[in-house]
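Structure data follow from entry_28.cif (mmCIF, C-alpha atoms and all ligand atoms):
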data_query
loop_
_atom_site.label_atom_id
_atom_site.label_comp_id
_atom_site.auth_asym_id
_atom_site.auth_seq_id
_atom_site.Cartn_x
_atom_site.Cartn_y
_atom_site.Cartn_z
CA MET A 1 139.94 144.45 16.23
CA ALA A 2 141.54 145.00 12.81
CA LEU A 3 138.18 145.69 11.17
CA ILE A 4 137.15 148.21 13.83
CA HIS A 5 140.55 149.88 13.61
CA ALA A 6 140.40 150.10 9.80
CA CYS A 7 136.84 151.43 9.79
CA ASP A 8 137.51 154.09 12.42
CA ASP A 9 140.61 155.14 10.49
CA ARG A 10 138.67 155.37 7.21
CA ILE A 11 135.98 157.56 8.77
CA ARG A 12 138.54 159.94 10.22
CA ARG A 13 140.44 160.14 6.91
CA GLY A 14 137.22 160.86 5.01
CA LEU A 15 136.31 163.62 7.45
CA SER A 16 139.82 165.12 7.42
CA GLY A 17 139.89 165.25 3.63
CA GLY A 18 136.42 166.74 3.27
CA GLU A 19 135.19 163.65 1.39
CA PHE A 20 132.03 163.58 3.52
CA ALA A 21 130.69 165.19 6.68
CA CYS A 22 129.13 163.72 9.81
CA THR A 23 129.50 163.89 13.56
CA TYR A 24 131.77 161.15 14.86
CA TRP A 25 133.15 159.93 18.17
CA PRO A 26 136.24 157.79 17.47
CA ALA A 27 136.53 154.30 18.94
CA THR A 28 140.24 153.80 18.30
CA GLY A 29 141.90 152.59 21.48
CA GLN A 30 138.84 150.65 22.63
CA GLU A 31 138.89 147.85 20.03
CA ALA A 32 139.80 145.06 22.46
CA ILE A 33 136.74 145.48 24.68
CA ALA A 34 134.36 145.27 21.73
CA ALA A 35 136.14 142.33 20.10
CA ALA A 36 135.91 140.34 23.33
CA LEU A 37 132.26 141.31 23.73
CA GLY A 38 131.47 140.08 20.24
CA ALA A 39 133.25 136.81 20.90
CA VAL A 40 131.39 136.13 24.16
CA LEU A 41 127.84 137.14 23.18
CA HIS A 42 125.50 135.13 20.98
CA THR A 43 123.65 136.83 18.14
CA ASP A 44 120.37 136.81 20.09
CA ASP A 45 121.93 138.37 23.18
CA GLN A 46 121.05 142.05 23.26
CA LEU A 47 123.36 145.07 23.32
CA VAL A 48 122.71 148.72 24.03
CA THR A 49 125.65 151.00 23.28
CA THR A 50 126.38 154.70 22.81
CA TYR A 51 127.35 157.32 20.22
CA ARG A 52 130.95 156.02 20.65
CA GLY A 53 129.66 152.70 19.38
CA LEU A 54 131.29 151.74 16.07
CA HIS A 55 133.47 149.11 17.74
CA ASP A 56 130.56 147.60 19.69
CA GLN A 57 128.24 147.65 16.67
CA LEU A 58 130.65 145.85 14.35
CA ALA A 59 131.70 143.36 17.02
CA LYS A 60 128.07 142.52 17.77
CA GLY A 61 127.65 141.55 14.14
CA ALA A 62 125.90 144.56 12.62
CA PRO A 63 126.78 144.42 8.90
CA LEU A 64 129.69 146.64 7.90
CA GLY A 65 128.22 148.05 4.66
CA PRO A 66 124.86 149.15 6.11
CA VAL A 67 126.56 150.52 9.27
CA VAL A 68 128.88 152.65 7.13
CA ALA A 69 125.92 153.74 4.99
CA GLU A 70 124.03 154.77 8.14
CA ILE A 71 126.99 156.82 9.38
CA LEU A 72 126.93 158.59 6.01
CA THR A 73 123.08 158.88 6.19
CA ARG A 74 122.45 156.91 3.00
CA SER A 75 119.20 155.07 2.37
CA SER A 76 120.98 151.67 2.39
CA GLY A 77 121.94 152.29 6.04
CA VAL A 78 120.82 149.99 8.84
CA ASN A 79 118.19 152.58 9.74
CA ALA A 80 117.54 153.76 6.18
CA GLY A 81 119.88 156.72 6.69
CA LYS A 82 117.56 158.41 9.17
CA GLY A 83 119.49 157.63 12.34
CA GLY A 84 122.95 158.76 11.33
CA SER A 85 126.18 158.15 13.19
CA MET A 86 124.65 158.58 16.64
CA HIS A 87 121.62 156.29 16.38
CA ILE A 88 122.65 152.96 14.97
CA ALA A 89 120.39 149.97 15.64
CA HIS A 90 120.25 146.54 14.03
CA PRO A 91 117.80 144.19 15.76
CA PRO A 92 118.74 141.08 13.68
CA SER A 93 122.24 141.30 15.21
CA GLY A 94 120.92 141.90 18.72
CA LEU A 95 121.99 145.54 18.55
CA VAL A 96 119.02 147.16 20.26
CA LEU A 97 120.20 150.72 19.85
CA SER A 98 122.94 153.29 20.29
CA THR A 99 122.05 156.32 22.37
CA GLY A 100 123.36 159.87 22.50
CA ILE A 101 121.98 160.66 25.95
CA VAL A 102 124.69 159.80 28.45
CA GLY A 103 123.53 157.10 30.89
CA SER A 104 120.24 156.49 29.10
CA GLY A 105 121.24 153.12 27.69
CA LEU A 106 121.43 151.46 31.09
CA PRO A 107 117.73 151.58 32.04
CA ILE A 108 116.88 150.47 28.50
CA ALA A 109 119.16 147.44 28.86
CA VAL A 110 117.51 146.71 32.22
CA GLY A 111 114.10 146.78 30.53
CA VAL A 112 115.40 144.40 27.87
CA GLY A 113 116.81 142.18 30.63
CA LEU A 114 113.41 142.13 32.36
CA ALA A 115 111.73 141.08 29.11
CA LEU A 116 114.29 138.30 28.59
CA GLN A 117 113.81 137.07 32.14
CA ARG A 118 110.00 137.08 31.89
CA ARG A 119 110.14 135.14 28.64
CA GLY A 120 112.19 132.46 30.39
CA THR A 121 115.11 132.66 27.96
CA ASP A 122 118.78 132.28 28.83
CA ARG A 123 119.69 135.35 26.81
CA VAL A 124 121.42 138.34 28.33
CA ALA A 125 121.35 142.10 27.83
CA VAL A 126 124.55 144.14 27.93
CA ALA A 127 124.71 147.87 28.57
CA SER A 128 127.94 149.36 27.23
CA PHE A 129 128.69 152.86 28.52
CA GLY A 130 131.48 155.23 29.49
CA ASP A 131 132.95 156.18 32.85
CA GLY A 132 131.16 159.54 32.73
CA ALA A 133 127.79 157.79 32.54
CA THR A 134 128.30 156.42 36.04
CA GLY A 135 127.69 159.91 37.44
CA THR A 136 124.12 159.99 36.12
CA GLY A 137 121.08 159.06 38.17
CA SER A 138 120.02 156.56 35.53
CA PHE A 139 123.19 154.51 36.16
CA HIS A 140 122.31 154.06 39.83
CA GLU A 141 118.62 153.39 39.22
CA ALA A 142 119.42 150.83 36.55
CA VAL A 143 122.05 148.93 38.53
CA ASN A 144 119.86 148.96 41.65
CA LEU A 145 116.82 147.54 39.88
CA ALA A 146 118.79 144.93 37.93
CA ALA A 147 120.46 143.78 41.16
CA LEU A 148 117.16 143.71 43.08
CA TRP A 149 115.41 141.60 40.43
CA ARG A 150 118.53 139.56 39.55
CA LEU A 151 118.09 140.46 35.91
CA PRO A 152 120.27 138.91 33.19
CA VAL A 153 122.23 142.10 32.56
CA VAL A 154 125.92 142.88 32.30
CA PHE A 155 126.99 146.46 32.93
CA LEU A 156 130.05 147.00 30.78
CA CYS A 157 131.84 150.26 31.53
CA GLN A 158 134.42 151.30 28.96
CA ASP A 159 136.47 153.43 31.32
CA ASN A 160 138.48 155.65 28.96
CA ARG A 161 139.30 158.10 31.79
CA TYR A 162 137.48 161.12 30.31
CA ALA A 163 133.93 162.39 29.88
CA GLU A 164 134.20 164.95 27.10
CA MET A 165 137.00 167.16 28.53
CA THR A 166 136.54 166.17 32.18
CA PRO A 167 139.01 163.67 33.66
CA ALA A 168 137.44 160.81 35.63
CA THR A 169 139.24 162.05 38.75
CA HIS A 170 137.15 165.24 38.59
CA GLY A 171 133.89 163.38 38.15
CA GLN A 172 133.88 160.45 40.56
CA PRO A 173 134.78 160.17 44.25
CA VAL A 174 135.90 156.51 44.00
CA ASP A 175 139.06 155.23 42.33
CA HIS A 176 137.18 152.73 40.24
CA VAL A 177 133.69 152.50 38.78
CA ALA A 178 133.65 148.85 39.87
CA ASP A 179 134.10 149.99 43.50
CA ARG A 180 130.43 150.97 43.39
CA ALA A 181 129.25 147.38 42.88
CA PRO A 182 129.15 146.33 46.58
CA ALA A 183 126.60 149.09 47.21
CA TYR A 184 124.20 147.07 45.06
CA GLY A 185 125.26 143.65 46.31
CA ILE A 186 126.64 142.56 42.95
CA PRO A 187 130.12 141.54 41.78
CA GLY A 188 132.34 144.31 40.43
CA GLN A 189 135.60 143.81 38.61
CA VAL A 190 138.29 145.99 37.06
CA VAL A 191 139.97 144.51 34.03
CA ASP A 192 142.60 145.72 31.55
CA GLY A 193 140.35 146.78 28.68
CA ASN A 194 143.28 146.84 26.25
CA ASP A 195 143.84 143.09 26.72
CA PRO A 196 141.17 141.20 24.75
CA ASP A 197 141.94 137.91 26.53
CA ALA A 198 141.44 139.51 29.94
CA VAL A 199 138.16 141.11 28.85
CA PHE A 200 137.04 137.82 27.29
CA GLY A 201 137.64 135.96 30.56
CA ALA A 202 135.87 138.51 32.75
CA LEU A 203 132.95 138.87 30.36
CA THR A 204 132.54 135.10 30.07
CA THR A 205 132.13 134.87 33.86
CA ALA A 206 129.70 137.82 33.95
CA VAL A 207 127.61 136.54 31.05
CA GLU A 208 127.42 133.00 32.47
CA ARG A 209 126.30 134.41 35.81
CA ALA A 210 123.56 136.39 34.08
CA ARG A 211 122.49 133.39 31.95
CA GLU A 212 122.06 131.12 34.95
CA GLY A 213 119.83 133.63 36.73
CA SER A 214 122.34 134.90 39.29
CA GLY A 215 121.95 138.53 38.25
CA PRO A 216 124.11 141.37 37.00
CA THR A 217 127.82 142.18 37.18
CA LEU A 218 129.51 145.56 36.92
CA LEU A 219 132.59 145.16 34.77
CA GLU A 220 134.98 148.08 34.35
CA CYS A 221 137.38 147.83 31.41
CA THR A 222 140.16 150.40 31.61
CA THR A 223 141.13 151.92 28.27
CA PHE A 224 141.70 155.25 26.49
CA ARG A 225 140.11 157.26 23.68
CA LEU A 226 143.14 157.83 21.50
CA TRP A 227 141.51 160.47 19.26
CA GLY A 228 139.72 162.37 21.99
CA HIS A 229 136.01 162.90 22.49
CA TYR A 230 134.85 163.85 18.99
CA PHE A 231 136.48 163.89 15.58
CA GLY A 232 138.62 167.05 15.49
CA ASP A 233 139.13 167.21 19.27
CA PRO A 234 142.51 168.98 19.74
CA MET A 235 142.97 167.04 23.01
CA SER A 236 144.90 169.96 24.51
CA TYR A 237 143.37 169.17 27.92
CA ILE A 238 145.13 165.77 28.04
CA PRO A 239 148.62 165.89 29.60
CA THR A 240 151.24 164.92 26.98
CA ASP A 241 152.76 162.16 29.10
CA GLU A 242 149.32 160.63 29.70
CA LEU A 243 148.59 160.58 25.97
CA GLU A 244 152.01 159.15 25.14
CA ALA A 245 151.59 156.35 27.69
CA ALA A 246 148.13 155.57 26.30
CA ARG A 247 149.51 155.35 22.75
CA VAL A 248 152.17 152.88 23.87
CA ASN A 249 149.46 150.82 25.57
CA GLU A 250 147.29 150.79 22.42
CA PRO A 251 145.48 147.42 22.16
CA VAL A 252 145.78 146.41 18.49
CA GLY A 253 149.57 146.62 18.22
CA ARG A 254 149.93 145.16 21.70
CA TYR A 255 147.85 142.12 20.80
CA ARG A 256 149.62 141.71 17.46
CA GLU A 257 152.92 141.51 19.38
CA ARG A 258 151.49 138.95 21.79
CA LEU A 259 150.18 136.79 18.95
CA ALA A 260 153.60 136.95 17.26
CA ALA A 261 155.40 136.04 20.51
CA ASP A 262 153.01 133.12 21.01
CA GLY A 263 153.62 131.92 17.45
CA VAL A 264 149.95 132.41 16.52
CA LEU A 265 150.30 135.12 13.86
CA ASP A 266 153.52 136.25 12.15
CA GLY A 267 154.18 139.62 10.48
CA PRO A 268 152.87 138.70 7.02
CA GLY A 269 149.84 137.03 8.60
CA ALA A 270 149.03 140.18 10.56
CA ALA A 271 149.55 142.33 7.45
CA ALA A 272 147.11 140.11 5.54
CA VAL A 273 144.49 140.52 8.30
CA ASP A 274 144.92 144.30 8.17
CA GLN A 275 144.75 144.38 4.37
CA ALA A 276 141.58 142.27 4.32
CA ALA A 277 140.04 144.64 6.86
CA ARG A 278 141.00 147.73 4.83
CA ASP A 279 139.65 146.16 1.63
CA ALA A 280 136.30 145.37 3.26
CA VAL A 281 136.07 148.88 4.68
CA ASP A 282 137.00 150.52 1.36
CA ALA A 283 134.35 148.46 -0.44
CA ALA A 284 131.75 149.51 2.16
CA PHE A 285 132.61 153.20 1.71
CA THR A 286 132.61 153.00 -2.08
CA ALA A 287 129.13 151.46 -2.02
CA ALA A 288 127.77 153.86 0.59
CA LEU A 289 129.12 156.98 -1.11
CA ALA A 290 127.44 155.90 -4.36
CA ASP A 291 124.09 155.61 -2.55
CA ASP A 292 121.60 158.46 -2.03
CA PRO A 293 120.32 159.91 1.24
CA PRO A 294 116.68 159.09 2.03
CA GLY A 295 114.13 161.24 0.21
CA SER A 296 111.70 163.54 1.99
CA ASP A 297 108.96 160.96 1.34
CA ALA A 298 110.70 158.72 3.92
CA ALA A 299 110.35 161.32 6.69
CA PHE A 300 107.11 159.84 8.05
CA THR A 301 107.87 156.12 7.67
CA ASP A 302 109.27 154.04 10.58
CA VAL A 303 108.40 156.83 13.01
CA TYR A 304 105.61 155.13 14.95
CA ALA A 305 105.00 151.45 15.73
CA ASP A 306 101.67 149.84 16.59
CA ARG A 307 101.17 148.05 19.92
CA ARG A 308 102.84 144.91 18.58
CA GLY A 309 105.91 146.89 17.59
CA VAL A 310 105.18 146.77 13.87
CA PRO A 311 106.37 149.98 12.19
CA ARG A 312 103.76 151.97 10.33
C1 LIG A 401 122.52 163.38 29.79
C2 LIG A 401 123.63 163.98 28.99
N1 LIG A 401 124.44 164.90 29.57
C3 LIG A 401 125.47 165.42 28.87
C4 LIG A 401 125.68 165.06 27.56
C5 LIG A 401 126.86 165.64 26.78
N2 LIG A 401 127.88 164.61 26.65
C6 LIG A 401 128.00 163.89 25.51
S1 LIG A 401 129.21 162.73 25.62
C7 LIG A 401 129.57 163.18 27.20
C8 LIG A 401 130.67 162.47 27.95
C9 LIG A 401 130.32 161.08 28.34
O1 LIG A 401 131.48 160.45 28.82
P1 LIG A 401 131.55 158.90 29.05
O2 LIG A 401 130.29 158.40 29.63
O3 LIG A 401 132.81 158.64 29.81
O4 LIG A 401 131.66 158.29 27.57
P2 LIG A 401 132.82 158.47 26.48
O5 LIG A 401 132.41 159.63 25.61
O6 LIG A 401 134.09 158.72 27.19
O7 LIG A 401 132.83 157.21 25.70
C10 LIG A 401 128.78 164.22 27.63
C11 LIG A 401 128.86 164.84 28.95
C12 LIG A 401 124.80 164.13 26.98
N3 LIG A 401 124.96 163.71 25.72
N4 LIG A 401 123.80 163.58 27.71
MG MG A 402 134.71 158.26 29.11
#
Can I see the file as structure tokens?
Ligand SMILES: Cc1ncc(C[n+]2csc(CCOP(=O)(O)OP(=O)(O)O)c2C)c(N)n1
Ligand SMILES: [Mg+2]
Amino acid sequence: MALIHACDDRIRRGLSGGEFACTYWPATGQEAIAAALGAVLHTDDQLVTTYRGLHDQLAKGAPLGPVVAEILTRSSGVNAGKGGSMHIAHPPSGLVLSTGIVGSGLPIAVGVGLALQRRGTDRVAVASFGDGATGTGSFHEAVNLAALWRLPVVFLCQDNRYAEMTPATHGQPVDHVADRAPAYGIPGQVVDGNDPDAVFGALTTAVERAREGSGPTLLECTTFRLWGHYFGDPMSYIPTDELEAARVNEPVGRYRERLAADGVLDGPGAAAVDQAARDAVDAAFTAALADDPPGSDAAFTDVYADRRGVPR
């Protein structure tokens, strides 16, 4: 959680100060969901996430330096600087891809789940998406098919209450995304997405169910995007009291307080964790900023793959 928090902060500071330019969708406020996800999944479990994916990508084990370099479109990036902040993939970490088309990650995760099932593995595929994605047709098609074929998929909704500038209450006729699960005959659960222990528990159950062949779960983790939709979002459409309440409920500080109360991590210990995270992030940015963007000669490499999936 500290690493995600530090990295998101560093990106926003760099953009604010004009040090570099890129599109960015901040993940601050959603650190707990990703940290729990990373702790529950194995490296060879597969994750499909979205443009708001920094937290998921780092938690899944994608390497910090090459992820930062990709965000800055440098040739040392995970995708050689040709994907940019919206299209981060790292197959060795089980990070299948990050998509910019809302709802499109779910059917892809279902396809991955089908492949895992047919190969007879006990691996699982997770689709991580926002509350707004549940209004797309692809959400319903994906959940229906995964439920029908009892695929090893977990549908992980990061319900941050907004889709761009539209509140969830204006976009869905049910109180909770998880309320839709009975329509597909699968378990649905709402969990406090700002409590990493709660997310860990619920995800463990969902992932075990998928591993043993009992099919998918729809897990809704309630949270908030504390910096709005995109970097620079003035957030004027969010009522002040709602934003204030969300800031108080912020997961990193909340968990730090719990760890202190439980005698797990004292103040200096927490400060050391934060400092180590900031140091790692600063080193990643220093290296990435010293690297070059890909040259024009790279434009036609890694574009097509042959039938075995080998890039050419
Ligand atoms: C199919 C499609 N429609 C619209 C958009 C424009 N768009 C980008 S992000 C977004 C909001 C998605 O909200 P949500 O699924 O809740 O994810 P969040 O951004 O809150 O993480 C929209 C409508 C898009 N990228 N793709
Ligand atoms: Mg949302």
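Near ligand MG 402 (chain A), at distances of 9 Å or less and with all atoms listed in the file counted, sit the residues Phe129, Gly130, Asp131, Gly132, Ala133, Cys157, Gln158, Asp159, Asn160, Arg161, Tyr162, Ala163, Glu164, Thr166, Pro167, Ala168, Phe224, Arg225 and His229 of chain A.
Nearest to ligand LIG 401 (chain A) of all the residues A:Leu3, A:Cys221, A:Ala21, A:Ala146 is A:Cys221, counting all atoms listed in the file.
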Fill in: Counting only C-alpha atoms and all ligand atoms, the residue of A:Gly17, A:Pro239, A:Gly105, A:Gly81 that sits nearest ligand LIG 401 (chain A)
A:Gly105
Practice prompt. Find the residues around Ala178 in chain A up to 10 Å (all atoms listed in the file counted), leave out those fewer than 6 positions away in its own chain, and share them as a PyMOL selection string.
Written response: chain A and resi 155-157+186-191+217-221
Could you please take those selected residues and save C-alpha atoms as a compact mmCIF listing (two decimals), in the coordinates of the input?
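The resulting file, part29.txt, is reproduced below:
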# COMPACT_ATOMS: atom_id res chain seq x y z
CA PHE A 155 126.99 146.46 32.93
CA LEU A 156 130.05 147.00 30.78
CA CYS A 157 131.84 150.26 31.53
CA ILE A 186 126.64 142.56 42.95
CA PRO A 187 130.12 141.54 41.78
CA GLY A 188 132.34 144.31 40.43
CA GLN A 189 135.60 143.81 38.61
CA VAL A 190 138.29 145.99 37.06
CA VAL A 191 139.97 144.51 34.03
CA THR A 217 127.82 142.18 37.18
CA LEU A 218 129.51 145.56 36.92
CA LEU A 219 132.59 145.16 34.77
CA GLU A 220 134.98 148.08 34.35
CA CYS A 221 137.38 147.83 31.41
Would you mind listing what lies within 9 Å of Pro293 in chain A as an mmCIF file with C-alpha atoms, in the frame of the given file, with all atoms listed in the file counted and same-chain residues fewer than 5 positions away left out?
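The resulting file, part-v9.cif, is reproduced below:
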data_model
loop_
_atom_site.group_PDB
_atom_site.id
_atom_site.type_symbol
_atom_site.label_atom_id
_atom_site.label_comp_id
_atom_site.auth_asym_id
_atom_site.auth_seq_id
_atom_site.Cartn_x
_atom_site.Cartn_y
_atom_site.Cartn_z
ATOM 1 C CA LEU A 72 126.930 158.590 6.010
ATOM 2 C CA THR A 73 123.080 158.880 6.190
ATOM 3 C CA ARG A 74 122.450 156.910 3.000
ATOM 4 C CA SER A 75 119.200 155.070 2.370
ATOM 5 C CA SER A 76 120.980 151.670 2.390
ATOM 6 C CA ALA A 80 117.540 153.760 6.180
ATOM 7 C CA GLY A 81 119.880 156.720 6.690
ATOM 8 C CA LYS A 82 117.560 158.410 9.170
#
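We find CA of Gly171 in chain A and CA of Ile33 in chain A to be spaced 22.6 Å apart.
Closest approach to Arg12 in chain A among A:Asn79, A:Thr28, A:Ser296, A:Thr301: A:Thr28, based on all atoms listed in the file.
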Discussion item. Residues within 9 Å of Ala36 in chain A, please, as an MDAnalysis selection string. Count all atoms listed in the file; anything in the same chain fewer than 6 positions from it doesn't count.
Written reply: chainID A and resid 59 196:201 203
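Of the listed residues (A:Val102, A:Val40, A:Val264, A:Ala62), A:Val102 comes nearest to ligand LIG 401 (chain A); the distances count all atoms listed in the file.
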Worksheet entry | Distance query 8 Å from (116.5, 146.5, 26.5) using all atoms listed in the file, result as a PyMOL selection string | chain A and resi 46-48+96+107-115+125
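Nearest-residue note for ligand LIG 401 (chain A): choosing from A:Arg307, A:His170, A:His90, A:Arg278, the minimum distance belongs to A:His170, counting all atoms listed in the file.
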Fill in: Given only C-alpha atoms as the counted atoms, nearest of A:Pro251, A:Gly232, A:Gly83, A:Gly120 to Asn194 in chain A
A:Pro251
Discussion item. One number please: CA of Asp291 in chain A to CA of Ala27 in chain A, in Å, one decimal.
Written reply: 24.9 Å
Fill in: Point-to-point distance in Å for CA of Ala270 in chain A and CA of Arg256 in chain A
7.1 Å
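Those residues positioned at most 8 Å from (126.1, 147.4, 4.6) are A:Pro63, A:Leu64, A:Gly65, A:Pro66, A:Val67, A:Val68, A:Ala69, A:Ser76, A:Gly77, A:Val78, A:Ala284, A:Ala288, judged using only C-alpha atoms.
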Can you tell me, as lines of an AutoDock Vina configuration file, the centre and edge lengths (Å, one decimal) of the axis-aligned box enclosing all of ligand LIG 401 (chain A)'s listed atoms after padding each side by 3 Å?
center_x = 128.3
center_y = 161.4
center_z = 27.7
size_x = 17.6
size_y = 14.4
size_z = 10.3
Discussion item. Report as a list in words all protein, DNA and RNA residues lying within 7 Å of Pro26 in chain A, evaluated on all atoms listed in the file, omitting residues in the same chain fewer than 6 positions from it.
Written reply: Asp8, Arg52, Trp227, Tyr230 and Phe231 of chain A
Output requested as a PDB file, in the coordinates of the input - range 72-92 of chain A, filled out with N, CA, C and O atoms.
ATOM      1  N   LEU A  72     126.930 157.588   7.081  1.00  0.00           N
ATOM      2  CA  LEU A  72     126.930 158.590   6.010  1.00  0.00           C
ATOM      3  C   LEU A  72     125.502 159.010   5.618  1.00  0.00           C
ATOM      4  O   LEU A  72     125.307 159.693   4.617  1.00  0.00           O
ATOM      5  N   THR A  73     124.521 158.583   6.392  1.00  0.00           N
ATOM      6  CA  THR A  73     123.080 158.880   6.190  1.00  0.00           C
ATOM      7  C   THR A  73     122.612 158.573   4.769  1.00  0.00           C
ATOM      8  O   THR A  73     121.970 159.394   4.121  1.00  0.00           O
ATOM      9  N   ARG A  74     122.919 157.353   4.320  1.00  0.00           N
ATOM     10  CA  ARG A  74     122.450 156.910   3.000  1.00  0.00           C
ATOM     11  C   ARG A  74     121.266 155.953   3.205  1.00  0.00           C
ATOM     12  O   ARG A  74     121.167 155.287   4.246  1.00  0.00           O
ATOM     13  N   SER A  75     120.437 155.839   2.182  1.00  0.00           N
ATOM     14  CA  SER A  75     119.200 155.070   2.370  1.00  0.00           C
ATOM     15  C   SER A  75     119.459 153.567   2.521  1.00  0.00           C
ATOM     16  O   SER A  75     118.591 152.843   2.985  1.00  0.00           O
ATOM     17  N   SER A  76     120.663 153.083   2.163  1.00  0.00           N
ATOM     18  CA  SER A  76     120.980 151.670   2.390  1.00  0.00           C
ATOM     19  C   SER A  76     121.513 151.425   3.803  1.00  0.00           C
ATOM     20  O   SER A  76     121.949 150.327   4.133  1.00  0.00           O
ATOM     21  N   GLY A  77     121.469 152.440   4.662  1.00  0.00           N
ATOM     22  CA  GLY A  77     121.940 152.290   6.040  1.00  0.00           C
ATOM     23  C   GLY A  77     121.057 151.378   6.865  1.00  0.00           C
ATOM     24  O   GLY A  77     119.901 151.120   6.507  1.00  0.00           O
ATOM     25  N   VAL A  78     121.591 150.900   7.974  1.00  0.00           N
ATOM     26  CA  VAL A  78     120.820 149.990   8.840  1.00  0.00           C
ATOM     27  C   VAL A  78     119.492 150.605   9.262  1.00  0.00           C
ATOM     28  O   VAL A  78     118.526 149.882   9.517  1.00  0.00           O
ATOM     29  N   ASN A  79     119.444 151.915   9.368  1.00  0.00           N
ATOM     30  CA  ASN A  79     118.190 152.580   9.740  1.00  0.00           C
ATOM     31  C   ASN A  79     117.735 153.510   8.622  1.00  0.00           C
ATOM     32  O   ASN A  79     117.209 154.598   8.867  1.00  0.00           O
ATOM     33  N   ALA A  80     117.982 153.056   7.385  1.00  0.00           N
ATOM     34  CA  ALA A  80     117.540 153.760   6.180  1.00  0.00           C
ATOM     35  C   ALA A  80     118.102 155.175   6.084  1.00  0.00           C
ATOM     36  O   ALA A  80     117.520 156.048   5.450  1.00  0.00           O
ATOM     37  N   GLY A  81     119.224 155.409   6.769  1.00  0.00           N
ATOM     38  CA  GLY A  81     119.880 156.720   6.690  1.00  0.00           C
ATOM     39  C   GLY A  81     119.228 157.784   7.529  1.00  0.00           C
ATOM     40  O   GLY A  81     119.595 158.950   7.437  1.00  0.00           O
ATOM     41  N   LYS A  82     118.282 157.397   8.384  1.00  0.00           N
ATOM     42  CA  LYS A  82     117.560 158.410   9.170  1.00  0.00           C
ATOM     43  C   LYS A  82     118.051 158.488  10.612  1.00  0.00           C
ATOM     44  O   LYS A  82     117.615 159.365  11.362  1.00  0.00           O
ATOM     45  N   GLY A  83     118.949 157.575  10.988  1.00  0.00           N
ATOM     46  CA  GLY A  83     119.490 157.630  12.340  1.00  0.00           C
ATOM     47  C   GLY A  83     120.812 158.375  12.381  1.00  0.00           C
ATOM     48  O   GLY A  83     121.077 159.141  13.290  1.00  0.00           O
ATOM     49  N   GLY A  84     121.636 158.123  11.364  1.00  0.00           N
ATOM     50  CA  GLY A  84     122.950 158.760  11.330  1.00  0.00           C
ATOM     51  C   GLY A  84     123.912 158.131  12.316  1.00  0.00           C
ATOM     52  O   GLY A  84     123.614 157.116  12.952  1.00  0.00           O
ATOM     53  N   SER A  85     125.076 158.762  12.437  1.00  0.00           N
ATOM     54  CA  SER A  85     126.180 158.150  13.190  1.00  0.00           C
ATOM     55  C   SER A  85     125.858 157.933  14.662  1.00  0.00           C
ATOM     56  O   SER A  85     126.445 157.085  15.316  1.00  0.00           O
ATOM     57  N   MET A  86     124.917 158.683  15.201  1.00  0.00           N
ATOM     58  CA  MET A  86     124.650 158.580  16.640  1.00  0.00           C
ATOM     59  C   MET A  86     123.592 157.541  17.008  1.00  0.00           C
ATOM     60  O   MET A  86     123.504 157.117  18.152  1.00  0.00           O
ATOM     61  N   HIS A  87     122.783 157.111  16.021  1.00  0.00           N
ATOM     62  CA  HIS A  87     121.620 156.290  16.380  1.00  0.00           C
ATOM     63  C   HIS A  87     121.574 155.007  15.574  1.00  0.00           C
ATOM     64  O   HIS A  87     120.648 154.793  14.796  1.00  0.00           O
ATOM     65  N   ILE A  88     122.554 154.171  15.775  1.00  0.00           N
ATOM     66  CA  ILE A  88     122.650 152.960  14.970  1.00  0.00           C
ATOM     67  C   ILE A  88     122.029 151.780  15.709  1.00  0.00           C
ATOM     68  O   ILE A  88     122.409 151.475  16.841  1.00  0.00           O
ATOM     69  N   ALA A  89     121.055 151.144  15.068  1.00  0.00           N
ATOM     70  CA  ALA A  89     120.390 149.970  15.640  1.00  0.00           C
ATOM     71  C   ALA A  89     120.326 148.896  14.572  1.00  0.00           C
ATOM     72  O   ALA A  89     120.220 149.207  13.383  1.00  0.00           O
ATOM     73  N   HIS A  90     120.399 147.638  14.983  1.00  0.00           N
ATOM     74  CA  HIS A  90     120.250 146.540  14.030  1.00  0.00           C
ATOM     75  C   HIS A  90     119.713 145.320  14.780  1.00  0.00           C
ATOM     76  O   HIS A  90     120.480 144.439  15.218  1.00  0.00           O
ATOM     77  N   PRO A  91     118.398 145.266  14.968  1.00  0.00           N
ATOM     78  CA  PRO A  91     117.800 144.190  15.760  1.00  0.00           C
ATOM     79  C   PRO A  91     118.205 142.772  15.331  1.00  0.00           C
ATOM     80  O   PRO A  91     118.410 141.928  16.207  1.00  0.00           O
ATOM     81  N   PRO A  92     118.359 142.467  14.020  1.00  0.00           N
ATOM     82  CA  PRO A  92     118.740 141.080  13.680  1.00  0.00           C
ATOM     83  C   PRO A  92     120.089 140.665  14.281  1.00  0.00           C
ATOM     84  O   PRO A  92     120.343 139.469  14.461  1.00  0.00           O
TER      85      PRO A  92
END
